[in-house]
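Printed here is coords.pdb (PDB, C-alpha atoms (C1' of nucleotides)):
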```pdb
ATOM      1  CA  MET A   1      94.860  79.469  59.229
ATOM      2  CA  LEU A   2      91.200  78.591  58.951
ATOM      3  CA  CYS A   3      90.079  81.670  60.868
ATOM      4  CA  TYR A   4      90.975  83.958  58.009
ATOM      5  CA  GLU A   5      88.776  81.937  55.695
ATOM      6  CA  VAL A   6      85.859  82.122  58.112
ATOM      7  CA  LEU A   7      86.140  85.898  58.293
ATOM      8  CA  HIS A   8      86.357  86.213  54.562
ATOM      9  CA  ALA A   9      83.511  83.792  53.933
ATOM     10  CA  LYS A  10      81.196  85.797  56.161
ATOM     11  CA  GLY A  11      82.102  88.998  54.373
ATOM     12  CA  TYR A  12      84.380  90.469  57.014
ATOM     13  CA  ARG A  13      87.566  92.197  56.000
ATOM     14  CA  LEU A  14      90.987  90.827  56.733
ATOM     15  CA  THR A  15      92.549  93.864  58.353
ATOM     16  CA  PRO A  16      96.039  93.879  59.903
ATOM     17  CA  GLN A  17      94.497  94.563  63.293
ATOM     18  CA  ARG A  18      92.290  91.483  63.093
ATOM     19  CA  ILE A  19      95.165  89.304  61.965
ATOM     20  CA  LEU A  20      97.331  90.533  64.837
ATOM     21  CA  VAL A  21      94.628  89.909  67.436
ATOM     22  CA  LEU A  22      93.997  86.406  66.085
ATOM     23  CA  LYS A  23      97.704  85.596  66.131
ATOM     24  CA  THR A  24      98.087  86.890  69.664
ATOM     25  CA  ILE A  25      95.249  84.707  70.942
ATOM     26  CA  TYR A  26      96.457  81.630  69.063
ATOM     27  CA  HIS A  27     100.017  82.009  70.297
ATOM     28  CA  ALA A  28      99.081  82.743  73.914
ATOM     29  CA  ASP A  29      99.906  79.931  76.300
ATOM     30  CA  ASN A  30      96.862  80.401  78.449
ATOM     31  CA  HIS A  31      93.736  82.530  78.546
ATOM     32  CA  ILE A  32      94.486  86.136  77.739
ATOM     33  CA  SER A  33      92.543  89.286  78.562
ATOM     34  CA  ALA A  34      91.632  92.126  76.229
ATOM     35  CA  GLU A  35      93.981  94.430  78.024
ATOM     36  CA  GLU A  36      96.881  91.980  77.808
ATOM     37  CA  ILE A  37      96.296  91.671  74.082
ATOM     38  CA  TYR A  38      96.217  95.434  73.765
ATOM     39  CA  GLU A  39      99.438  95.879  75.733
ATOM     40  CA  GLN A  40     101.321  93.215  73.804
ATOM     41  CA  LEU A  41     100.268  94.618  70.458
ATOM     42  CA  HIS A  42     100.596  98.265  71.364
ATOM     43  CA  ASP A  43     104.231  97.721  72.345
ATOM     44  CA  ARG A  44     105.084  96.483  68.881
ATOM     45  CA  PHE A  45     102.473  98.288  66.800
ATOM     46  CA  PRO A  46     101.666 101.601  68.470
ATOM     47  CA  TYR A  47      99.055 102.488  65.895
ATOM     48  CA  ILE A  48      96.705  99.836  67.257
ATOM     49  CA  ASN A  49      93.771 101.310  69.102
ATOM     50  CA  LYS A  50      92.137 100.053  72.283
ATOM     51  CA  SER A  51      88.578 100.280  71.009
ATOM     52  CA  THR A  52      89.527  98.335  67.910
ATOM     53  CA  ILE A  53      90.782  95.462  70.057
ATOM     54  CA  TYR A  54      87.523  95.319  71.992
ATOM     55  CA  ARG A  55      85.466  95.392  68.811
ATOM     56  CA  ILE A  56      87.557  92.665  67.195
ATOM     57  CA  LEU A  57      87.212  90.433  70.251
ATOM     58  CA  GLU A  58      83.461  90.944  70.206
ATOM     59  CA  LEU A  59      83.386  89.952  66.555
ATOM     60  CA  LEU A  60      85.605  86.886  66.932
ATOM     61  CA  SER A  61      83.620  85.776  69.925
ATOM     62  CA  GLY A  62      80.351  86.123  68.017
ATOM     63  CA  LEU A  63      81.798  84.032  65.187
ATOM     64  CA  LYS A  64      82.921  81.427  67.755
ATOM     65  CA  LEU A  65      86.520  81.721  66.608
ATOM     66  CA  VAL A  66      87.501  82.536  70.185
ATOM     67  CA  THR A  67      85.890  81.567  73.468
ATOM     68  CA  GLU A  68      85.189  83.920  76.356
ATOM     69  CA  SER A  69      85.749  82.907  79.984
ATOM     70  CA  ASN A  70      85.126  84.939  83.076
ATOM     71  CA  LEU A  71      87.735  83.615  85.496
ATOM     72  CA  GLY A  72      86.447  85.879  88.233
ATOM     73  CA  ASP A  73      89.375  88.307  88.201
ATOM     74  CA  GLY A  74      87.218  91.082  86.853
ATOM     75  CA  CYS A  75      88.001  90.768  83.175
ATOM     76  CA  ILE A  76      86.921  88.507  80.355
ATOM     77  CA  ARG A  77      89.637  86.177  79.086
ATOM     78  CA  TYR A  78      89.888  84.704  75.634
ATOM     79  CA  HIS A  79      91.319  81.605  74.049
ATOM     80  CA  ALA A  80      91.300  80.044  70.619
ATOM     81  CA  ALA A  81      88.110  78.033  70.120
ATOM     82  CA  ILE A  82      89.982  75.471  67.999
ATOM     83  CA  LYS A  83      92.056  74.485  71.024
ATOM     84  CA  GLY A  84      88.921  72.987  72.542
ATOM     85  CA  HIS A  85      86.601  73.866  75.364
ATOM     86  CA  HIS A  86      87.150  73.076  78.971
ATOM     87  CA  HIS A  87      85.944  74.121  82.371
ATOM     88  CA  HIS A  88      87.864  75.736  85.193
ATOM     89  CA  LEU A  89      87.987  75.073  88.889
ATOM     90  CA  ILE A  90      89.479  78.121  90.590
ATOM     91  CA  CYS A  91      90.773  77.899  94.142
ATOM     92  CA  ARG A  92      89.698  80.997  96.028
ATOM     93  CA  ILE A  93      92.588  80.579  98.512
ATOM     94  CA  CYS A  94      95.650  80.082  96.304
ATOM     95  CA  GLY A  95      94.169  81.077  92.949
ATOM     96  CA  LYS A  96      95.182  77.846  91.251
ATOM     97  CA  VAL A  97      93.201  76.965  88.122
ATOM     98  CA  ILE A  98      92.371  73.318  87.419
ATOM     99  CA  ASP A  99      91.154  72.498  83.915
ATOM    100  CA  LEU A 100      88.306  70.057  83.467
ATOM    101  CA  GLU A 101      87.535  68.130  80.310
ATOM    102  CA  GLU A 102      84.406  69.386  78.591
ATOM    103  CA  SER A 103      82.832  65.944  78.970
ATOM    104  CA  THR A 104      83.021  66.062  82.776
ATOM    105  CA  LEU A 105      79.830  68.042  83.011
ATOM    106  CA  GLY A 106      77.924  65.844  80.585
ATOM    107  CA  PRO A 107      75.665  64.361  83.276
ATOM    108  CA  LEU A 108      74.847  67.850  84.560
ATOM    109  CA  LYS A 109      73.882  68.989  81.087
ATOM    110  CA  ALA A 110      71.715  65.904  80.639
ATOM    111  CA  SER A 111      69.902  66.369  83.932
ATOM    112  CA  MET A 112      69.107  70.010  83.237
ATOM    113  CA  LEU A 113      67.713  69.081  79.853
ATOM    114  CA  ARG A 114      65.611  66.320  81.392
ATOM    115  CA  ASP A 115      64.342  68.218  84.444
ATOM    116  CA  TYR A 116      63.973  71.739  83.071
ATOM    117  CA  GLY A 117      64.028  71.408  79.286
ATOM    118  CA  PHE A 118      67.016  73.740  79.468
ATOM    119  CA  ASP A 119      69.795  73.272  76.920
ATOM    120  CA  ALA A 120      72.767  74.453  78.950
ATOM    121  CA  ASP A 121      75.715  75.984  77.174
ATOM    122  CA  LEU A 122      78.471  74.302  79.175
ATOM    123  CA  ARG A 123      81.545  75.241  77.247
ATOM    124  CA  HIS A 124      83.377  77.578  79.543
ATOM    125  CA  MET A 125      82.138  77.030  83.052
ATOM    126  CA  VAL A 126      84.008  78.601  85.936
ATOM    127  CA  ILE A 127      83.562  77.133  89.386
ATOM    128  CA  SER A 128      85.022  78.703  92.483
ATOM    129  CA  GLY A 129      86.006  76.702  95.559
ATOM    130  CA  VAL A 130      88.944  75.361  97.544
ATOM    131  CA  CYS A 131      91.508  72.983  96.066
ATOM    132  CA  SER A 132      92.774  69.831  97.789
ATOM    133  CA  ASP A 133      96.106  71.387  98.789
ATOM    134  CA  CYS A 134      94.455  74.328 100.503
ATOM    135  CA  ARG A 135      91.852  72.128 102.172
ATOM    136  CA  SER A 136      94.490  69.952 103.815
ATOM    137  CA  SER A 137      96.431  72.904 105.217
TER
ATOM    138  CA  MET B   1      66.786  92.838 111.764
ATOM    139  CA  LEU B   2      69.589  90.411 112.480
ATOM    140  CA  CYS B   3      71.999  92.063 110.046
ATOM    141  CA  TYR B   4      72.402  95.067 112.257
ATOM    142  CA  GLU B   5      73.440  92.824 115.135
ATOM    143  CA  VAL B   6      75.994  91.050 112.963
ATOM    144  CA  LEU B   7      77.554  94.365 111.962
ATOM    145  CA  HIS B   8      77.617  95.585 115.518
ATOM    146  CA  ALA B   9      78.982  92.312 116.887
ATOM    147  CA  LYS B  10      81.899  92.439 114.458
ATOM    148  CA  GLY B  11      82.713  95.995 115.468
ATOM    149  CA  TYR B  12      81.348  97.727 112.380
ATOM    150  CA  ARG B  13      79.405 100.944 112.753
ATOM    151  CA  LEU B  14      75.731 101.227 112.027
ATOM    152  CA  THR B  15      75.761 104.190 109.681
ATOM    153  CA  PRO B  16      72.657 105.512 107.908
ATOM    154  CA  GLN B  17      74.227 104.585 104.573
ATOM    155  CA  ARG B  18      74.675 100.965 105.602
ATOM    156  CA  ILE B  19      71.143 100.736 106.928
ATOM    157  CA  LEU B  20      69.754 102.168 103.692
ATOM    158  CA  VAL B  21      71.732  99.756 101.520
ATOM    159  CA  LEU B  22      70.657  96.784 103.609
ATOM    160  CA  LYS B  23      67.008  97.836 103.457
ATOM    161  CA  THR B  24      67.187  98.315  99.716
ATOM    162  CA  ILE B  25      68.589  94.832  99.167
ATOM    163  CA  TYR B  26      66.133  93.199 101.530
ATOM    164  CA  HIS B  27      63.149  94.924  99.965
ATOM    165  CA  ALA B  28      64.215  94.292  96.369
ATOM    166  CA  ASP B  29      62.054  91.732  94.607
ATOM    167  CA  ASN B  30      64.898  90.219  92.648
ATOM    168  CA  HIS B  31      68.639  90.548  92.371
ATOM    169  CA  ILE B  32      69.726  94.153  92.298
ATOM    170  CA  SER B  33      72.917  95.725  91.002
ATOM    171  CA  ALA B  34      75.151  98.240  92.736
ATOM    172  CA  GLU B  35      74.131 100.911  90.301
ATOM    173  CA  GLU B  36      70.436 100.250  90.797
ATOM    174  CA  ILE B  37      70.920 100.545  94.537
ATOM    175  CA  TYR B  38      72.789 103.789  94.062
ATOM    176  CA  GLU B  39      70.120 105.230  91.763
ATOM    177  CA  GLN B  40      67.253 104.307  94.067
ATOM    178  CA  LEU B  41      68.966 105.757  97.104
ATOM    179  CA  HIS B  42      70.412 108.807  95.429
ATOM    180  CA  ASP B  43      66.938 109.852  94.283
ATOM    181  CA  ARG B  44      65.690 109.980  97.857
ATOM    182  CA  PHE B  45      68.918 110.754  99.704
ATOM    183  CA  PRO B  46      71.163 112.809  97.452
ATOM    184  CA  TYR B  47      73.958 112.908  99.990
ATOM    185  CA  ILE B  48      74.688 109.218  99.407
ATOM    186  CA  ASN B  49      77.930 108.672  97.564
ATOM    187  CA  LYS B  50      78.646 106.126  94.844
ATOM    188  CA  SER B  51      81.907 104.889  96.319
ATOM    189  CA  THR B  52      80.242 104.382  99.687
ATOM    190  CA  ILE B  53      77.683 102.059  98.099
ATOM    191  CA  TYR B  54      80.410  99.957  96.506
ATOM    192  CA  ARG B  55      82.361  99.743  99.746
ATOM    193  CA  ILE B  56      79.271  98.796 101.735
ATOM    194  CA  LEU B  57      78.402  96.047  99.264
ATOM    195  CA  GLU B  58      81.958  94.720  99.508
ATOM    196  CA  LEU B  59      81.660  94.655 103.289
ATOM    197  CA  LEU B  60      78.223  93.012 103.388
ATOM    198  CA  SER B  61      79.341  90.450 100.862
ATOM    199  CA  GLY B  62      82.430  89.627 102.921
ATOM    200  CA  LEU B  63      80.258  89.181 105.997
ATOM    201  CA  LYS B  64      77.941  86.932 103.951
ATOM    202  CA  LEU B  65      74.966  89.136 104.724
ATOM    203  CA  VAL B  66      74.375  89.483 101.001
ATOM    204  CA  THR B  67      75.220  87.150  98.121
ATOM    205  CA  GLU B  68      76.865  88.185  94.871
ATOM    206  CA  SER B  69      75.792  86.780  91.513
ATOM    207  CA  ASN B  70      77.196  87.524  88.113
ATOM    208  CA  LEU B  71      74.193  87.065  85.845
ATOM    209  CA  GLY B  72      76.312  87.781  82.808
ATOM    210  CA  ASP B  73      74.922  91.218  82.067
ATOM    211  CA  GLY B  74      78.190  92.887  82.974
ATOM    212  CA  CYS B  75      77.458  93.808  86.552
ATOM    213  CA  ILE B  76      77.413  91.999  89.873
ATOM    214  CA  ARG B  77      73.962  91.591  91.366
ATOM    215  CA  TYR B  78      73.150  91.216  95.028
ATOM    216  CA  HIS B  79      70.480  89.623  97.101
ATOM    217  CA  ALA B  80      69.838  89.052 100.777
ATOM    218  CA  ALA B  81      71.708  85.973 101.951
ATOM    219  CA  ILE B  82      68.919  85.137 104.404
ATOM    220  CA  LYS B  83      66.542  84.575 101.505
ATOM    221  CA  GLY B  84      68.564  81.491 100.624
ATOM    222  CA  HIS B  85      70.929  80.495  97.878
ATOM    223  CA  HIS B  86      69.921  79.255  94.496
ATOM    224  CA  HIS B  87      71.339  78.813  91.049
ATOM    225  CA  HIS B  88      70.257  80.490  87.841
ATOM    226  CA  LEU B  89      69.643  79.186  84.364
ATOM    227  CA  ILE B  90      69.678  82.134  81.973
ATOM    228  CA  CYS B  91      68.251  81.801  78.489
ATOM    229  CA  ARG B  92      70.546  83.528  76.051
ATOM    230  CA  ILE B  93      67.679  83.990  73.552
ATOM    231  CA  CYS B  94      64.865  85.497  75.630
ATOM    232  CA  GLY B  95      66.797  86.375  78.787
ATOM    233  CA  LYS B  96      64.479  84.456  81.073
ATOM    234  CA  VAL B  97      65.972  83.436  84.421
ATOM    235  CA  ILE B  98      65.024  80.069  85.929
ATOM    236  CA  ASP B  99      65.904  79.550  89.571
ATOM    237  CA  LEU B 100      67.295  76.201  90.730
ATOM    238  CA  GLU B 101      67.224  74.888  94.246
ATOM    239  CA  GLU B 102      70.646  74.890  95.840
ATOM    240  CA  SER B 103      70.424  71.111  96.304
ATOM    241  CA  THR B 104      70.102  70.470  92.565
ATOM    242  CA  LEU B 105      73.841  70.604  92.077
ATOM    243  CA  GLY B 106      74.617  68.361  95.037
ATOM    244  CA  PRO B 107      75.761  65.450  92.847
ATOM    245  CA  LEU B 108      78.061  67.744  90.892
ATOM    246  CA  LYS B 109      79.641  69.021  94.088
ATOM    247  CA  ALA B 110      80.124  65.467  95.307
ATOM    248  CA  SER B 111      81.758  64.306  92.087
ATOM    249  CA  MET B 112      84.218  67.194  92.045
ATOM    250  CA  LEU B 113      85.189  66.484  95.608
ATOM    251  CA  ARG B 114      85.645  62.809  94.804
ATOM    252  CA  ASP B 115      87.482  63.182  91.492
ATOM    253  CA  TYR B 116      89.545  66.309  92.083
ATOM    254  CA  GLY B 117      89.547  66.862  95.838
ATOM    255  CA  PHE B 118      88.003  70.210  94.999
ATOM    256  CA  ASP B 119      85.485  71.667  97.434
ATOM    257  CA  ALA B 120      83.308  73.666  95.046
ATOM    258  CA  ASP B 121      81.536  76.728  96.286
ATOM    259  CA  LEU B 122      78.205  76.153  94.551
ATOM    260  CA  ARG B 123      76.011  78.808  96.054
ATOM    261  CA  HIS B 124      75.370  81.168  93.208
ATOM    262  CA  MET B 125      76.012  79.365  89.978
ATOM    263  CA  VAL B 126      74.976  80.959  86.714
ATOM    264  CA  ILE B 127      74.472  78.756  83.700
ATOM    265  CA  SER B 128      73.778  80.135  80.260
ATOM    266  CA  GLY B 129      71.820  78.223  77.648
ATOM    267  CA  VAL B 130      68.483  78.028  75.828
ATOM    268  CA  CYS B 131      65.178  77.517  77.656
ATOM    269  CA  SER B 132      62.515  75.031  76.567
ATOM    270  CA  ASP B 133      60.245  77.708  75.051
ATOM    271  CA  CYS B 134      62.998  79.089  72.854
ATOM    272  CA  ARG B 135      64.159  75.625  71.849
ATOM    273  CA  SER B 136      60.728  74.627  70.555
ATOM    274  CA  SER B 137      60.321  77.764  68.448
TER
ATOM    275  C1'  DG C   1      96.148 100.090  38.191
ATOM    276  C1'  DT C   2      92.027 103.044  39.508
ATOM    277  C1'  DT C   3      87.863 103.883  41.628
ATOM    278  C1'  DG C   4      83.838 103.693  44.839
ATOM    279  C1'  DC C   5      81.985 102.779  48.971
ATOM    280  C1'  DA C   6      80.561 100.117  52.884
ATOM    281  C1'  DA C   7      83.204  98.389  56.531
ATOM    282  C1'  DA C   8      86.631  99.158  59.833
ATOM    283  C1'  DT C   9      89.482 102.095  62.470
ATOM    284  C1'  DG C  10      91.110 106.048  65.390
ATOM    285  C1'  DC C  11      89.891 109.521  68.265
ATOM    286  C1'  DA C  12      87.744 111.788  71.900
ATOM    287  C1'  DA C  13      84.142 111.930  75.029
ATOM    288  C1'  DC C  14      81.683 109.254  78.062
ATOM    289  C1'  DT C  15      80.160 105.466  81.569
ATOM    290  C1'  DT C  16      81.023 102.495  85.274
ATOM    291  C1'  DG C  17      83.544 101.138  88.934
ATOM    292  C1'  DT C  18      87.953 101.929  92.043
ATOM    293  C1'  DT C  19      91.290 104.279  95.012
ATOM    294  C1'  DG C  20      93.917 107.766  97.960
ATOM    295  C1'  DC C  21      93.286 111.063 101.056
ATOM    296  C1'  DA C  22      91.165 114.804 103.773
ATOM    297  C1'  DT C  23      87.044 115.441 106.419
ATOM    298  C1'  DT C  24      83.326 113.848 109.113
ATOM    299  C1'  DT C  25      81.019 110.898 112.414
ATOM    300  C1'  DG C  26      79.404 106.685 115.200
ATOM    301  C1'  DC C  27      79.961 105.345 119.470
ATOM    302  C1'  DA C  28      82.288 104.064 123.710
ATOM    303  C1'  DA C  29      84.428 105.936 127.780
ATOM    304  C1'  DG C  30      84.545 109.409 131.123
TER
ATOM    305  C1'  DC D   1      76.289 115.578 127.814
ATOM    306  C1'  DT D   2      81.160 115.960 126.219
ATOM    307  C1'  DT D   3      85.244 114.201 124.236
ATOM    308  C1'  DG D   4      88.562 111.383 121.455
ATOM    309  C1'  DC D   5      89.617 108.812 117.785
ATOM    310  C1'  DA D   6      89.455 104.980 114.641
ATOM    311  C1'  DA D   7      86.172 103.942 111.263
ATOM    312  C1'  DA D   8      83.458 105.495 107.595
ATOM    313  C1'  DT D   9      82.291 108.777 104.178
ATOM    314  C1'  DG D  10      82.711 112.277 100.390
ATOM    315  C1'  DC D  11      85.380 114.016  96.982
ATOM    316  C1'  DA D  12      88.182 114.138  93.139
ATOM    317  C1'  DA D  13      91.294 111.804  90.302
ATOM    318  C1'  DC D  14      91.909 107.656  88.080
ATOM    319  C1'  DA D  15      91.362 103.023  85.392
ATOM    320  C1'  DA D  16      88.934 100.094  82.282
ATOM    321  C1'  DG D  17      85.781  99.510  78.938
ATOM    322  C1'  DT D  18      82.166 101.596  75.531
ATOM    323  C1'  DT D  19      80.165 104.559  72.016
ATOM    324  C1'  DG D  20      79.340 108.191  68.311
ATOM    325  C1'  DC D  21      81.256 110.040  64.609
ATOM    326  C1'  DA D  22      84.698 111.612  61.211
ATOM    327  C1'  DT D  23      88.396 109.575  58.628
ATOM    328  C1'  DT D  24      90.664 105.825  56.486
ATOM    329  C1'  DT D  25      90.954 101.515  54.005
ATOM    330  C1'  DG D  26      90.107  96.577  52.269
ATOM    331  C1'  DC D  27      88.622  94.780  48.401
ATOM    332  C1'  DA D  28      85.541  93.983  44.533
ATOM    333  C1'  DA D  29      84.349  95.792  40.093
ATOM    334  C1'  DC D  30      85.895  98.007  36.225
TER
END
```
Would you kindly transcribe this structure into structure tokens?
Amino acid sequence: MLCYEVLHAKGYRLTPQRILVLKTIYHADNHISAEEIYEQLHDRFPYINKSTIYRILELLSGLKLVTESNLGDGCIRYHAAIKGHHHHLICRICGKVIDLEESTLGPLKASMLRDYGFDADLRHMVISGVCSDCRSS
Amino acid sequence: MLCYEVLHAKGYRLTPQRILVLKTIYHADNHISAEEIYEQLHDRFPYINKSTIYRILELLSGLKLVTESNLGDGCIRYHAAIKGHHHHLICRICGKVIDLEESTLGPLKASMLRDYGFDADLRHMVISGVCSDCRSS
DNA sequence: GTTGCAAATGCAACTTGTTGCATTTGCAAG
DNA sequence: CTTGCAAATGCAACAAGTTGCATTTGCAAC
């Protein structure tokens, strides 16, 4: 797994805790929160500490090995950066999450660069609203 | 102040705590966090309770008298809804906040409705990135 | 295989925000 | 001006996340 090499190359240690957190994020089906990671790991490896999880996630996020998303449920959720970026449309009625291709917001990014000189970081946008199903009912 | 009438009309009581929170938000120059509101008020009126502030903000937000924004600094910030909605571009280097007119994202809203049937709630968008000053240096 | 030590972890205390419940109070009716 | 009571508040306990510091450990050098 390339992640291990990145850590090592930047001089970070390959600790069991870091390996477990990386594996958990890579094997998760969808976006996973810090607390979910902690619970999953603590069940199997009780020696793992909560603060360690948070510090590892901060590190991995800084190294862009994982991506943070705030899906509006009050906690930050993580997913493997290598799986690609995408945006989320969240229905505020039914809670459904629709994934958008990263390229969808290309025109928006271009217009903000043109009009404001602002280089927007549009990798994990979260947009709240009402989905088509809930609008029709 | 119209807010008081809205509260009264919906059957909510006009308590001193609610009046103080409303005044604080309306007199704040920029977006203000729950904790800042609590600190300001608690200095002058020590009887004001933290949980009351949070519950009042929840109520006012639900009634759309104030607008919530998550500016990415880990806390929700509030501003008076009557002052109008706008979006924020936040520079992740220098922290500068650029305000965008609400209408700027009109095309984006239209395209999401067209392509996904999704009625996006684009009233307090927060977009992270790098501002023109920081890009040139 | 040992050793040294900075990096990483575990622990406990702390901060920030939330919740359940007893007490207080705004306010409408008499 | 009282009174009654649901609504609102204060309090204290709790949950989630953070931080400082002592202890442990990955790993490079020998």
After fit on chain B (all C-alpha, ordered pairs), chain A as a compact mmCIF listing (two decimals) with C-alpha atoms, in the frame of the given file:
```
# COMPACT_ATOMS: atom_id res chain seq x y z
CA MET A 1 66.96 92.74 111.78
CA LEU A 2 69.77 90.33 112.49
CA CYS A 3 72.13 92.01 110.04
CA TYR A 4 72.55 95.02 112.28
CA GLU A 5 73.63 92.77 115.12
CA VAL A 6 76.18 91.02 112.92
CA LEU A 7 77.71 94.34 111.92
CA HIS A 8 77.83 95.54 115.47
CA ALA A 9 79.21 92.27 116.80
CA LYS A 10 82.10 92.40 114.36
CA GLY A 11 82.90 95.96 115.35
CA TYR A 12 81.48 97.70 112.30
CA ARG A 13 79.54 100.90 112.70
CA LEU A 14 75.85 101.18 112.04
CA THR A 15 75.84 104.15 109.71
CA PRO A 16 72.72 105.46 107.95
CA GLN A 17 74.25 104.57 104.61
CA ARG A 18 74.74 100.94 105.62
CA ILE A 19 71.23 100.68 106.98
CA LEU A 20 69.79 102.11 103.77
CA VAL A 21 71.76 99.73 101.56
CA LEU A 22 70.71 96.74 103.67
CA LYS A 23 67.07 97.79 103.55
CA THR A 24 67.19 98.29 99.80
CA ILE A 25 68.60 94.81 99.22
CA TYR A 26 66.16 93.16 101.63
CA HIS A 27 63.16 94.89 100.10
CA ALA A 28 64.18 94.27 96.48
CA ASP A 29 62.02 91.73 94.70
CA ASN A 30 64.83 90.22 92.72
CA HIS A 31 68.58 90.55 92.38
CA ILE A 32 69.66 94.16 92.34
CA SER A 33 72.83 95.76 91.00
CA ALA A 34 75.08 98.27 92.73
CA GLU A 35 74.03 100.95 90.32
CA GLU A 36 70.32 100.27 90.86
CA ILE A 37 70.85 100.55 94.59
CA TYR A 38 72.71 103.80 94.10
CA GLU A 39 70.01 105.26 91.87
CA GLN A 40 67.17 104.30 94.19
CA LEU A 41 68.90 105.74 97.22
CA HIS A 42 70.30 108.81 95.53
CA ASP A 43 66.81 109.84 94.44
CA ARG A 44 65.61 109.95 98.02
CA PHE A 45 68.85 110.72 99.84
CA PRO A 46 71.06 112.80 97.56
CA TYR A 47 73.89 112.90 100.06
CA ILE A 48 74.64 109.23 99.46
CA ASN A 49 77.84 108.70 97.55
CA LYS A 50 78.55 106.15 94.83
CA SER A 51 81.84 104.95 96.27
CA THR A 52 80.22 104.43 99.64
CA ILE A 53 77.66 102.09 98.08
CA TYR A 54 80.38 100.00 96.45
CA ARG A 55 82.36 99.80 99.68
CA ILE A 56 79.30 98.81 101.69
CA LEU A 57 78.41 96.07 99.22
CA GLU A 58 81.96 94.75 99.41
CA LEU A 59 81.71 94.68 103.19
CA LEU A 60 78.29 93.02 103.32
CA SER A 61 79.38 90.47 100.78
CA GLY A 62 82.50 89.65 102.79
CA LEU A 63 80.36 89.18 105.90
CA LYS A 64 78.03 86.91 103.88
CA LEU A 65 75.05 89.11 104.69
CA VAL A 66 74.42 89.47 100.96
CA THR A 67 75.24 87.16 98.08
CA GLU A 68 76.85 88.20 94.81
CA SER A 69 75.73 86.80 91.45
CA ASN A 70 77.11 87.55 88.05
CA LEU A 71 74.08 87.11 85.79
CA GLY A 72 76.17 87.84 82.73
CA ASP A 73 74.75 91.30 82.04
CA GLY A 74 78.02 92.95 82.90
CA CYS A 75 77.33 93.86 86.50
CA ILE A 76 77.33 92.05 89.81
CA ARG A 77 73.89 91.62 91.36
CA TYR A 78 73.12 91.24 95.02
CA HIS A 79 70.46 89.62 97.13
CA ALA A 80 69.88 89.04 100.81
CA ALA A 81 71.76 85.93 101.95
CA ILE A 82 68.98 85.09 104.43
CA LYS A 83 66.57 84.56 101.55
CA GLY A 84 68.55 81.46 100.61
CA HIS A 85 70.89 80.50 97.84
CA HIS A 86 69.88 79.28 94.45
CA HIS A 87 71.29 78.86 91.00
CA HIS A 88 70.25 80.51 87.77
CA LEU A 89 69.67 79.19 84.30
CA ILE A 90 69.73 82.11 81.89
CA CYS A 91 68.34 81.75 78.39
CA ARG A 92 70.67 83.47 75.96
CA ILE A 93 67.83 83.92 73.43
CA CYS A 94 64.99 85.43 75.48
CA GLY A 95 66.91 86.32 78.63
CA LYS A 96 64.56 84.42 80.91
CA VAL A 97 66.01 83.42 84.29
CA ILE A 98 65.05 80.08 85.81
CA ASP A 99 65.88 79.58 89.48
CA LEU A 100 67.24 76.25 90.64
CA GLU A 101 67.14 74.94 94.18
CA GLU A 102 70.56 74.92 95.80
CA SER A 103 70.30 71.16 96.28
CA THR A 104 70.03 70.51 92.54
CA LEU A 105 73.76 70.64 92.10
CA GLY A 106 74.50 68.41 95.07
CA PRO A 107 75.67 65.48 92.92
CA LEU A 108 77.99 67.79 90.98
CA LYS A 109 79.53 69.08 94.18
CA ALA A 110 79.99 65.53 95.43
CA SER A 111 81.67 64.34 92.25
CA MET A 112 84.12 67.23 92.20
CA LEU A 113 85.05 66.53 95.79
CA ARG A 114 85.53 62.84 95.03
CA ASP A 115 87.41 63.19 91.74
CA TYR A 116 89.46 66.33 92.34
CA GLY A 117 89.42 66.91 96.10
CA PHE A 118 87.89 70.27 95.22
CA ASP A 119 85.33 71.74 97.61
CA ALA A 120 83.19 73.70 95.17
CA ASP A 121 81.39 76.78 96.37
CA LEU A 122 78.09 76.20 94.59
CA ARG A 123 75.91 78.88 96.05
CA HIS A 124 75.31 81.23 93.19
CA MET A 125 75.99 79.40 89.97
CA VAL A 126 74.97 80.98 86.70
CA ILE A 127 74.52 78.75 83.68
CA SER A 128 73.85 80.10 80.23
CA GLY A 129 71.91 78.17 77.59
CA VAL A 130 68.60 77.97 75.74
CA CYS A 131 65.28 77.47 77.52
CA SER A 132 62.60 74.99 76.43
CA ASP A 133 60.37 77.66 74.89
CA CYS A 134 63.14 79.02 72.70
CA ARG A 135 64.32 75.55 71.73
CA SER A 136 60.90 74.57 70.41
CA SER A 137 60.53 77.69 68.28
```
Straight-line distance linking CA of Ser33 (chain B) with CA of Ile90 (chain A), stated in Å to one decimal: 24.2 Å
Residues matched by the PyMOL selection byres ((chain B) within 12 of (chain A)), written as a ChimeraX atom specification: /B:68-72,74-76,87-93,96-100,104-109,111-136
Selection result for the PyMOL selection byres ((chain A) within 8 of (chain C)) on this file, as a list in words: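 This file, filtered by the PyMOL selection byres ((chain A) within 8 of (chain C)), leaves Arg13, Asn49 and Thr52 of chain A.
C1' of DA12 (chain D) sits 12.6 Å away from CA of Lys50 (chain B).
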Contact set, chain D to chain A: 10 Å, all atoms listed in the file, as a list of chain:residue names: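 The selection requested is D:DA16, D:DG17, D:DT18, D:DT19, D:DT25, D:DG26, D:DC27.
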Point-to-point distance in Å for CA of Thr67 (chain B) and CA of His8 (chain B): 19.5 Å
Write out as a compact mmCIF listing (two decimals) with C-alpha atoms, in the coordinates of the input which residues come within 10 Å of Ile82 (chain B) when counting all atoms listed in the file, dropping same-chain ones fewer than 3 positions away.
```txt
# COMPACT_ATOMS: atom_id res chain seq x y z
CA LEU B 2 69.59 90.41 112.48
CA CYS B 3 72.00 92.06 110.05
CA TYR B 26 66.13 93.20 101.53
CA LYS B 64 77.94 86.93 103.95
CA LEU B 65 74.97 89.14 104.72
CA VAL B 66 74.38 89.48 101.00
CA THR B 67 75.22 87.15 98.12
CA HIS B 79 70.48 89.62 97.10
CA HIS B 85 70.93 80.50 97.88
```
